[in-house]
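Engineer: One file: model-v5.pdb (PDB, C-alpha atoms).
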```
MODEL        1
ATOM      1  CA  MET J   1     -50.698  84.782 -12.996
ATOM      2  CA  ALA J   2     -54.360  84.633 -14.008
ATOM      3  CA  ASN J   3     -56.522  87.592 -13.060
ATOM      4  CA  LEU J   4     -58.934  87.412 -10.141
ATOM      5  CA  LYS J   5     -62.071  87.022 -12.268
ATOM      6  CA  GLU J   6     -60.672  84.002 -14.112
ATOM      7  CA  ILE J   7     -59.675  82.312 -10.853
ATOM      8  CA  ARG J   8     -63.103  83.001  -9.313
ATOM      9  CA  ASN J   9     -64.780  81.441 -12.356
ATOM     10  CA  ARG J  10     -62.576  78.360 -12.094
ATOM     11  CA  ILE J  11     -63.286  78.000  -8.367
ATOM     12  CA  SER J  12     -67.017  78.226  -9.058
ATOM     13  CA  SER J  13     -66.760  75.657 -11.873
ATOM     14  CA  VAL J  14     -64.761  73.196  -9.765
ATOM     15  CA  GLY J  15     -67.204  73.659  -6.885
ATOM     16  CA  SER J  16     -70.142  72.785  -9.153
ATOM     17  CA  THR J  17     -68.304  69.725 -10.460
ATOM     18  CA  MET J  18     -67.546  68.625  -6.910
ATOM     19  CA  GLN J  19     -71.239  68.837  -5.986
ATOM     20  CA  ILE J  20     -72.181  66.708  -8.993
ATOM     21  CA  THR J  21     -69.551  64.003  -8.338
ATOM     22  CA  SER J  22     -70.439  63.916  -4.653
ATOM     23  CA  ALA J  23     -74.138  63.456  -5.475
ATOM     24  CA  MET J  24     -73.335  60.699  -7.994
ATOM     25  CA  LYS J  25     -71.197  58.956  -5.384
ATOM     26  CA  MET J  26     -74.074  58.924  -2.885
ATOM     27  CA  VAL J  27     -76.557  57.675  -5.505
ATOM     28  CA  SER J  28     -74.199  54.854  -6.533
ATOM     29  CA  ALA J  29     -73.616  53.941  -2.885
ATOM     30  CA  ALA J  30     -77.369  53.598  -2.334
ATOM     31  CA  LYS J  31     -77.820  51.482  -5.490
ATOM     32  CA  LEU J  32     -74.749  49.395  -4.645
ATOM     33  CA  LYS J  33     -76.248  48.187  -1.366
ATOM     34  CA  LYS J  34     -79.320  46.821  -3.127
ATOM     35  CA  ALA J  35     -77.326  45.270  -5.990
ATOM     36  CA  GLN J  36     -74.784  43.758  -3.592
ATOM     37  CA  ASP J  37     -77.495  42.149  -1.480
ATOM     38  CA  ALA J  38     -79.112  40.717  -4.635
ATOM     39  CA  ILE J  39     -75.960  39.076  -6.022
ATOM     40  CA  THR J  40     -74.818  37.842  -2.591
ATOM     41  CA  ALA J  41     -78.154  36.116  -2.057
ATOM     42  CA  MET J  42     -78.173  34.631  -5.556
ATOM     43  CA  ARG J  43     -74.633  33.209  -5.780
ATOM     44  CA  PRO J  44     -75.047  30.095  -3.578
ATOM     45  CA  TYR J  45     -78.168  29.032  -5.501
ATOM     46  CA  ALA J  46     -76.580  29.696  -8.898
ATOM     47  CA  ASN J  47     -73.338  27.909  -7.992
ATOM     48  CA  LYS J  48     -75.158  24.830  -6.681
ATOM     49  CA  LEU J  49     -77.393  24.731  -9.748
ATOM     50  CA  THR J  50     -74.307  24.900 -11.982
ATOM     51  CA  GLU J  51     -72.716  22.041 -10.017
ATOM     52  CA  LEU J  52     -75.849  19.929 -10.479
ATOM     53  CA  LEU J  53     -75.913  20.809 -14.170
ATOM     54  CA  GLN J  54     -72.295  19.751 -14.680
ATOM     55  CA  ASN J  55     -72.811  16.436 -12.861
ATOM     56  CA  LEU J  56     -75.978  15.812 -14.815
ATOM     57  CA  SER J  57     -74.334  16.648 -18.147
ATOM     58  CA  ALA J  58     -71.672  14.021 -17.405
ATOM     59  CA  THR J  59     -74.403  11.336 -17.401
ATOM     60  CA  LEU J  60     -76.059  12.422 -20.639
ATOM     61  CA  ASP J  61     -75.848  10.015 -23.543
ATOM     62  CA  GLY J  62     -78.161  10.800 -26.412
ATOM     63  CA  ASP J  63     -80.754  12.497 -24.233
ATOM     64  CA  SER J  64     -82.736  15.436 -25.496
ATOM     65  CA  GLY J  65     -80.854  17.922 -23.352
ATOM     66  CA  SER J  66     -77.419  16.776 -24.485
ATOM     67  CA  ALA J  67     -77.602  19.263 -27.375
ATOM     68  CA  TYR J  68     -76.278  21.885 -24.940
ATOM     69  CA  ALA J  69     -73.415  19.605 -23.844
ATOM     70  CA  ASP J  70     -72.368  18.643 -27.369
ATOM     71  CA  GLN J  71     -68.655  19.354 -27.788
ATOM     72  CA  ARG J  72     -68.063  20.378 -31.398
ATOM     73  CA  GLU J  73     -64.998  21.547 -33.273
ATOM     74  CA  VAL J  74     -64.771  25.267 -32.613
ATOM     75  CA  LYS J  75     -65.113  27.233 -35.840
ATOM     76  CA  LYS J  76     -67.623  29.959 -34.949
ATOM     77  CA  VAL J  77     -67.580  31.709 -31.577
ATOM     78  CA  LEU J  78     -70.061  34.092 -29.973
ATOM     79  CA  VAL J  79     -68.733  36.438 -27.271
ATOM     80  CA  VAL J  80     -71.327  38.016 -24.954
ATOM     81  CA  ALA J  81     -69.867  41.302 -23.648
ATOM     82  CA  ILE J  82     -71.714  42.674 -20.604
ATOM     83  CA  THR J  83     -71.060  46.381 -20.012
ATOM     84  CA  SER J  84     -73.326  49.255 -18.900
ATOM     85  CA  ASN J  85     -75.422  51.938 -20.543
ATOM     86  CA  ARG J  86     -73.612  54.779 -18.762
ATOM     87  CA  GLY J  87     -70.013  55.826 -18.255
ATOM     88  CA  LEU J  88     -68.239  57.679 -15.436
ATOM     89  CA  ALA J  89     -67.334  54.337 -13.843
ATOM     90  CA  GLY J  90     -63.563  54.304 -14.188
ATOM     91  CA  ALA J  91     -62.211  51.349 -16.171
ATOM     92  CA  PHE J  92     -65.384  49.275 -15.700
ATOM     93  CA  ASN J  93     -66.464  49.293 -19.361
ATOM     94  CA  SER J  94     -63.041  49.569 -20.998
ATOM     95  CA  ASN J  95     -61.794  46.434 -19.186
ATOM     96  CA  ILE J  96     -64.650  44.370 -20.635
ATOM     97  CA  ILE J  97     -64.158  45.754 -24.127
ATOM     98  CA  LYS J  98     -60.411  45.006 -23.955
ATOM     99  CA  GLU J  99     -61.042  41.458 -22.725
ATOM    100  CA  ALA J 100     -63.670  40.833 -25.409
ATOM    101  CA  LYS J 101     -61.278  42.011 -28.120
ATOM    102  CA  ARG J 102     -58.419  39.991 -26.609
ATOM    103  CA  THR J 103     -60.603  36.880 -26.516
ATOM    104  CA  ALA J 104     -61.400  37.257 -30.205
ATOM    105  CA  ALA J 105     -57.823  38.077 -31.244
ATOM    106  CA  GLU J 106     -55.901  35.613 -29.050
ATOM    107  CA  ASP J 107     -58.065  32.831 -27.606
ATOM    108  CA  TYR J 108     -59.944  32.280 -30.863
ATOM    109  CA  ALA J 109     -57.464  33.562 -33.434
ATOM    110  CA  GLY J 110     -58.383  32.343 -36.901
ATOM    111  CA  LYS J 111     -61.986  31.581 -35.866
ATOM    112  CA  GLU J 112     -65.111  33.433 -36.932
ATOM    113  CA  VAL J 113     -65.980  35.544 -33.888
ATOM    114  CA  SER J 114     -69.204  37.499 -33.429
ATOM    115  CA  PHE J 115     -70.538  39.487 -30.487
ATOM    116  CA  VAL J 116     -73.730  39.916 -28.497
ATOM    117  CA  THR J 117     -73.589  43.114 -26.457
ATOM    118  CA  ILE J 118     -75.480  43.792 -23.247
ATOM    119  CA  GLY J 119     -75.005  47.486 -22.510
ATOM    120  CA  LYS J 120     -74.691  50.567 -24.697
ATOM    121  CA  LYS J 121     -71.020  51.295 -23.977
ATOM    122  CA  GLY J 122     -69.822  47.934 -25.233
ATOM    123  CA  ASN J 123     -72.026  48.097 -28.315
ATOM    124  CA  ASP J 124     -70.827  51.598 -29.258
ATOM    125  CA  ILE J 125     -67.212  50.392 -29.440
ATOM    126  CA  LEU J 126     -67.487  46.800 -30.659
ATOM    127  CA  LYS J 127     -69.870  47.522 -33.539
ATOM    128  CA  LYS J 128     -67.235  49.721 -35.191
ATOM    129  CA  GLY J 129     -64.801  46.897 -35.933
ATOM    130  CA  ALA J 130     -66.642  43.641 -35.289
ATOM    131  CA  LYS J 131     -69.854  41.794 -36.115
ATOM    132  CA  VAL J 132     -72.530  42.407 -33.462
ATOM    133  CA  VAL J 133     -75.466  40.024 -34.002
ATOM    134  CA  GLN J 134     -77.633  41.405 -31.187
ATOM    135  CA  ASN J 135     -77.616  44.350 -28.795
ATOM    136  CA  ASN J 136     -79.552  44.446 -25.521
ATOM    137  CA  ASN J 137     -79.384  47.954 -24.034
ATOM    138  CA  GLN J 138     -82.929  47.875 -22.724
ATOM    139  CA  ILE J 139     -82.371  45.022 -20.261
ATOM    140  CA  PHE J 140     -81.165  47.413 -17.545
ATOM    141  CA  ASP J 141     -84.435  49.366 -17.668
ATOM    142  CA  ASP J 142     -86.228  46.370 -16.129
ATOM    143  CA  LEU J 143     -83.731  43.762 -14.954
ATOM    144  CA  THR J 144     -85.788  40.665 -14.174
ATOM    145  CA  PHE J 145     -85.210  36.942 -14.600
ATOM    146  CA  ASP J 146     -87.955  36.755 -17.235
ATOM    147  CA  ASN J 147     -86.372  39.487 -19.355
ATOM    148  CA  VAL J 148     -82.912  37.918 -19.085
ATOM    149  CA  SER J 149     -84.440  34.542 -20.003
ATOM    150  CA  VAL J 150     -85.311  35.932 -23.443
ATOM    151  CA  ILE J 151     -81.628  36.668 -24.104
ATOM    152  CA  ALA J 152     -80.580  33.275 -22.711
ATOM    153  CA  GLU J 153     -83.087  31.495 -24.955
ATOM    154  CA  PHE J 154     -81.678  33.341 -27.973
ATOM    155  CA  LEU J 155     -78.148  32.182 -27.069
ATOM    156  CA  MET J 156     -79.301  28.615 -26.461
ATOM    157  CA  LYS J 157     -81.091  28.509 -29.803
ATOM    158  CA  GLN J 158     -78.019  29.863 -31.610
ATOM    159  CA  TYR J 159     -75.961  27.015 -30.149
ATOM    160  CA  ALA J 160     -78.587  24.303 -30.630
ATOM    161  CA  ASP J 161     -79.011  25.337 -34.295
ATOM    162  CA  SER J 162     -75.204  25.075 -34.750
ATOM    163  CA  ASN J 163     -74.910  28.737 -35.675
ATOM    164  CA  PHE J 164     -72.050  28.897 -33.154
ATOM    165  CA  ASP J 165     -69.800  26.206 -31.700
ATOM    166  CA  ARG J 166     -68.957  28.044 -28.489
ATOM    167  CA  ILE J 167     -70.523  30.890 -26.526
ATOM    168  CA  VAL J 168     -68.462  32.853 -23.980
ATOM    169  CA  LEU J 169     -69.529  35.413 -21.349
ATOM    170  CA  VAL J 170     -67.244  38.356 -20.573
ATOM    171  CA  TYR J 171     -68.301  40.417 -17.555
ATOM    172  CA  ASN J 172     -67.185  42.028 -14.299
ATOM    173  CA  LYS J 173     -67.581  39.899 -11.179
ATOM    174  CA  PHE J 174     -68.309  41.894  -8.039
ATOM    175  CA  LYS J 175     -65.807  41.438  -5.191
ATOM    176  CA  ASN J 176     -66.174  44.704  -3.294
ATOM    177  CA  ALA J 177     -66.808  48.376  -4.017
ATOM    178  CA  ALA J 178     -63.199  48.952  -5.063
ATOM    179  CA  THR J 179     -62.503  45.644  -6.836
ATOM    180  CA  GLN J 180     -64.123  44.076  -9.877
ATOM    181  CA  ILE J 181     -62.755  40.895 -11.442
ATOM    182  CA  VAL J 182     -62.974  40.499 -15.229
ATOM    183  CA  MET J 183     -64.460  37.077 -15.958
ATOM    184  CA  ASN J 184     -64.151  35.054 -19.154
ATOM    185  CA  GLU J 185     -66.646  32.232 -18.687
ATOM    186  CA  GLN J 186     -67.826  29.531 -21.068
ATOM    187  CA  PHE J 187     -71.614  29.533 -21.399
ATOM    188  CA  LEU J 188     -72.103  26.835 -24.025
ATOM    189  CA  PRO J 189     -71.392  24.005 -24.443
ATOM    190  CA  ILE J 190     -71.904  22.969 -20.825
ATOM    191  CA  LEU J 191     -68.567  22.288 -19.171
ATOM    192  CA  PRO J 192     -68.064  18.771 -17.783
ATOM    193  CA  PRO J 193     -67.388  18.354 -14.047
ATOM    194  CA  ASP J 194     -63.917  19.368 -12.912
ATOM    195  CA  SER J 195     -61.729  16.257 -13.021
ATOM    196  CA  ASP J 196     -59.860  17.057  -9.789
ATOM    197  CA  ALA J 197     -63.102  17.646  -7.892
ATOM    198  CA  THR J 198     -64.564  14.478  -9.346
ATOM    199  CA  ASP J 199     -61.545  12.439  -8.261
ATOM    200  CA  SER J 200     -61.678  13.783  -4.713
ATOM    201  CA  LYS J 201     -65.447  13.690  -4.155
ATOM    202  CA  GLY J 202     -66.534  11.039  -6.626
ATOM    203  CA  VAL J 203     -69.270  11.338  -9.245
ATOM    204  CA  ALA J 204     -72.588  12.311  -7.694
ATOM    205  CA  ASP J 205     -75.216   9.587  -7.899
ATOM    206  CA  TYR J 206     -78.720  10.932  -8.507
ATOM    207  CA  ILE J 207     -82.113   9.289  -8.421
ATOM    208  CA  PHE J 208     -84.183  10.845 -11.204
ATOM    209  CA  GLU J 209     -87.847  11.521 -10.523
ATOM    210  CA  PRO J 210     -90.089  11.609 -12.529
ATOM    211  CA  SER J 211     -87.580  10.736 -15.272
ATOM    212  CA  LYS J 212     -84.109  11.584 -16.428
ATOM    213  CA  GLU J 213     -85.410  13.071 -19.657
ATOM    214  CA  ARG J 214     -87.831  15.366 -17.819
ATOM    215  CA  ILE J 215     -85.109  16.570 -15.430
ATOM    216  CA  VAL J 216     -82.785  17.277 -18.346
ATOM    217  CA  GLU J 217     -85.505  19.149 -20.204
ATOM    218  CA  GLU J 218     -86.304  21.366 -17.182
ATOM    219  CA  LEU J 219     -82.980  21.793 -15.369
ATOM    220  CA  ILE J 220     -80.549  22.600 -18.165
ATOM    221  CA  PRO J 221     -82.431  25.597 -19.636
ATOM    222  CA  LYS J 222     -83.188  26.940 -16.152
ATOM    223  CA  SER J 223     -79.546  26.599 -15.106
ATOM    224  CA  LEU J 224     -78.288  28.395 -18.214
ATOM    225  CA  LYS J 225     -80.784  31.224 -17.700
ATOM    226  CA  THR J 226     -79.698  31.507 -14.070
ATOM    227  CA  GLN J 227     -76.037  31.575 -15.094
ATOM    228  CA  LEU J 228     -76.652  34.525 -17.430
ATOM    229  CA  PHE J 229     -78.842  36.308 -14.877
ATOM    230  CA  LYS J 230     -76.101  35.937 -12.242
ATOM    231  CA  ALA J 231     -73.486  37.355 -14.654
ATOM    232  CA  ILE J 232     -75.642  40.411 -15.381
ATOM    233  CA  ARG J 233     -76.382  40.962 -11.669
ATOM    234  CA  ASP J 234     -72.666  40.681 -10.940
ATOM    235  CA  SER J 235     -72.021  43.296 -13.620
ATOM    236  CA  VAL J 236     -74.670  45.658 -12.202
ATOM    237  CA  ALA J 237     -73.191  45.462  -8.690
ATOM    238  CA  SER J 238     -69.705  45.963 -10.127
ATOM    239  CA  GLU J 239     -70.877  48.997 -12.098
ATOM    240  CA  HIS J 240     -72.248  50.764  -9.018
ATOM    241  CA  GLY J 241     -69.128  49.903  -7.038
ATOM    242  CA  ALA J 242     -66.844  51.159  -9.795
ATOM    243  CA  ARG J 243     -68.856  54.371 -10.238
ATOM    244  CA  MET J 244     -68.949  55.040  -6.490
ATOM    245  CA  THR J 245     -65.162  54.612  -6.296
ATOM    246  CA  ALA J 246     -64.573  56.758  -9.389
ATOM    247  CA  MET J 247     -66.835  59.555  -8.123
ATOM    248  CA  HIS J 248     -65.164  59.413  -4.689
ATOM    249  CA  LYS J 249     -61.769  59.943  -6.325
ATOM    250  CA  ALA J 250     -63.167  62.671  -8.570
ATOM    251  CA  THR J 251     -64.638  64.468  -5.555
ATOM    252  CA  ASP J 252     -61.328  64.275  -3.705
ATOM    253  CA  ASN J 253     -59.462  65.607  -6.757
ATOM    254  CA  ALA J 254     -61.957  68.441  -7.186
ATOM    255  CA  SER J 255     -61.643  69.340  -3.498
ATOM    256  CA  GLU J 256     -57.853  69.452  -3.768
ATOM    257  CA  LEU J 257     -58.014  71.538  -6.947
ATOM    258  CA  LYS J 258     -60.463  73.963  -5.332
ATOM    259  CA  ALA J 259     -58.130  74.389  -2.334
ATOM    260  CA  ASN J 260     -55.181  75.108  -4.658
ATOM    261  CA  LEU J 261     -57.230  77.598  -6.677
ATOM    262  CA  THR J 262     -58.408  79.327  -3.494
ATOM    263  CA  LEU J 263     -54.791  79.682  -2.373
ATOM    264  CA  GLU J 264     -53.838  81.034  -5.788
ATOM    265  CA  TYR J 265     -56.770  83.464  -5.643
ATOM    266  CA  ASN J 266     -55.721  84.724  -2.206
ATOM    267  CA  LYS J 267     -52.158  85.224  -3.383
ATOM    268  CA  ALA J 268     -53.323  87.102  -6.472
ATOM    269  CA  ARG J 269     -55.683  89.248  -4.386
ATOM    270  CA  GLN J 270     -52.928  90.013  -1.897
ATOM    271  CA  ALA J 271     -50.588  90.964  -4.711
ATOM    272  CA  ALA J 272     -53.230  93.246  -6.217
ATOM    273  CA  ILE J 273     -53.868  94.957  -2.867
ATOM    274  CA  THR J 274     -50.134  95.388  -2.261
ATOM    275  CA  GLY J 275     -49.750  96.912  -5.704
ATOM    276  CA  GLU J 276     -52.585  99.369  -5.044
ATOM    277  CA  ILE J 277     -51.046 100.396  -1.694
ATOM    278  CA  LEU J 278     -47.699 100.977  -3.363
ATOM    279  CA  GLU J 279     -49.380 103.133  -6.017
ATOM    280  CA  ILE J 280     -51.153 105.217  -3.311
ATOM    281  CA  VAL J 281     -47.944 105.631  -1.296
ATOM    282  CA  GLY J 282     -46.030 106.560  -4.429
ATOM    283  CA  GLY J 283     -48.688 109.083  -5.410
ATOM    284  CA  ALA J 284     -48.718 110.638  -1.935
ATOM    285  CA  GLU J 285     -44.942 110.960  -1.918
ATOM    286  CA  ALA J 286     -45.064 112.578  -5.368
ATOM    287  CA  LEU J 287     -47.618 115.146  -4.163
ATOM    288  CA  ALA J 288     -45.615 115.866  -1.018
ATOM    289  CA  GLY J 289     -42.478 116.355  -3.109
TER     290      GLY J 289
ENDMDL
END
```
Reformat the file's structure so that it appears as structure tokens.
Structural biologist:
Amino acid sequence: MANLKEIRNRISSVGSTMQITSAMKMVSAAKLKKAQDAITAMRPYANKLTELLQNLSATLDGDSGSAYADQREVKKVLVVAITSNRGLAGAFNSNIIKEAKRTAAEDYAGKEVSFVTIGKKGNDILKKGAKVVQNNNQIFDDLTFDNVSVIAEFLMKQYADSNFDRIVLVYNKFKNAATQIVMNEQFLPILPPDSDATDSKGVADYIFEPSKERIVEELIPKSLKTQLFKAIRDSVASEHGARMTAMHKATDNASELKANLTLEYNKARQAAITGEILEIVGGAEALAG
């Protein structure tokens, strides 16, 4: 059994760890509320804009915006892996890294696959065994639509210039604080409308004003930027949820460990006191004898 000083040191260390994890849990909970409200408010707009984009892309035939709907033979693929800059969030980052690697190895086996990383954790791992063409750690310092638009424009240009034949987003979709869903979503080329939905609802008929070309020129880039912005906001909300859950579990584990160490300390202290009493009694008996 460890001596009393060692156990006291361990109890103190676990107590300090518990305070840190508890504080991190509360910070993540506060940030989660803001991030959750942001993605919840954005989803209906982003989903409707994507629906409009898909219906519009189905009507394109040689228009200027059809470059983003051009279905080419897939030879070169760009995977955009959205992680975070910090750890201590359970399997949040590792799930994205695993899915990005799986996508390259299985979905696009035999193709030339490159990566764009958004988040330091993903970049640190993927750059060791894969080609990373761009890293965007700084985006989380000031997450705005304008800053995300710069990344989206880079991706759109890479596709329009035929540097890549397909661009895929891999990120965590926020469901609740305890659940994040790993998404593997095609960014470019623009997906056509779902055939089942088209059969049931019919193809939407739009009146274009001022002109079809102008709508294509404005709507498609804006929709793609919004799609990327939504994915990053989803990832941010998922990160705070995952970290809050991980820190809650860590706090509970630290509390349980501290209770066990306190019990062990009390037992060791009791044993030491009993031993001292026995030594005093034995010494007294020896003197009396």
Engineer: Kindly provide, as JSON, the centre and edge lengths (Å, one decimal) of an axis-aligned box around all atoms of range 6-20 of chain J given in the file, with 4 Å on each side.
Structural biologist:
```
{"center_x": -65.9, "center_y": 75.4, "center_z": -10.0, "size_x": 20.5, "size_y": 25.3, "size_z": 16.1}
```
Engineer: Can you pull out every residue within 9 Å of Lys225 in chain J, counting only C-alpha atoms, but drop anything in the same chain fewer than 6 positions away, and send it as a PyMOL selection string?
Structural biologist: chain J and resi 145+148-153
Engineer: Tell me which protein, DNA and RNA residues are within 8 Å of range 27-36 of chain J, counting only C-alpha atoms, leaving out same-chain ones fewer than 3 positions away, and put them as JSON, numbers by chain.
Structural biologist: {"J": [23, 24, 39, 40, 233, 236, 237, 240, 241, 243, 244]}
Engineer: Can you give me, as a PDB file with C-alpha atoms, keeping the file's coordinate frame, the residues this file yields under the PyMOL selection byres ((chain J and resi 6-21) around 6)?
Structural biologist:
```pdb
ATOM      1  CA  ASN J   3     -56.522  87.592 -13.060  1.00  0.00           C
ATOM      2  CA  LEU J   4     -58.934  87.412 -10.141  1.00  0.00           C
ATOM      3  CA  LYS J   5     -62.071  87.022 -12.268  1.00  0.00           C
ATOM      4  CA  SER J  22     -70.439  63.916  -4.653  1.00  0.00           C
ATOM      5  CA  ALA J  23     -74.138  63.456  -5.475  1.00  0.00           C
ATOM      6  CA  MET J  24     -73.335  60.699  -7.994  1.00  0.00           C
ATOM      7  CA  MET J 247     -66.835  59.555  -8.123  1.00  0.00           C
ATOM      8  CA  THR J 251     -64.638  64.468  -5.555  1.00  0.00           C
ATOM      9  CA  ALA J 254     -61.957  68.441  -7.186  1.00  0.00           C
ATOM     10  CA  LYS J 258     -60.463  73.963  -5.332  1.00  0.00           C
TER      11      LYS J 258
END
```
Engineer: Within 10 Å of (-63.4, 55.8, -14.3) (coordinates as in the file), grab all the protein and nucleic acid residues, counting only C-alpha atoms, and write them out as a ChimeraX atom specification.
Structural biologist: /J:87-94,242-247,249-250
Engineer: Please write the residues picked by the PyMOL selection byres ((chain J and resi 130) around 10) on this file as a list in words.
Structural biologist: Lys101, Ala104, Val113, Ser114, Phe115, Asn123, Ile125, Leu126, Lys127, Lys128, Gly129, Lys131, Val132 and Val133 of chain J
Engineer: Pick out the closest residue to Ile97 in chain J from this set: J:Lys121, J:Arg214, J:Lys75, J:Lys230. Count all atoms listed in the file.
Structural biologist: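 Looking at the shortest contact to Ile97 in chain J, the residue is J:Lys121.
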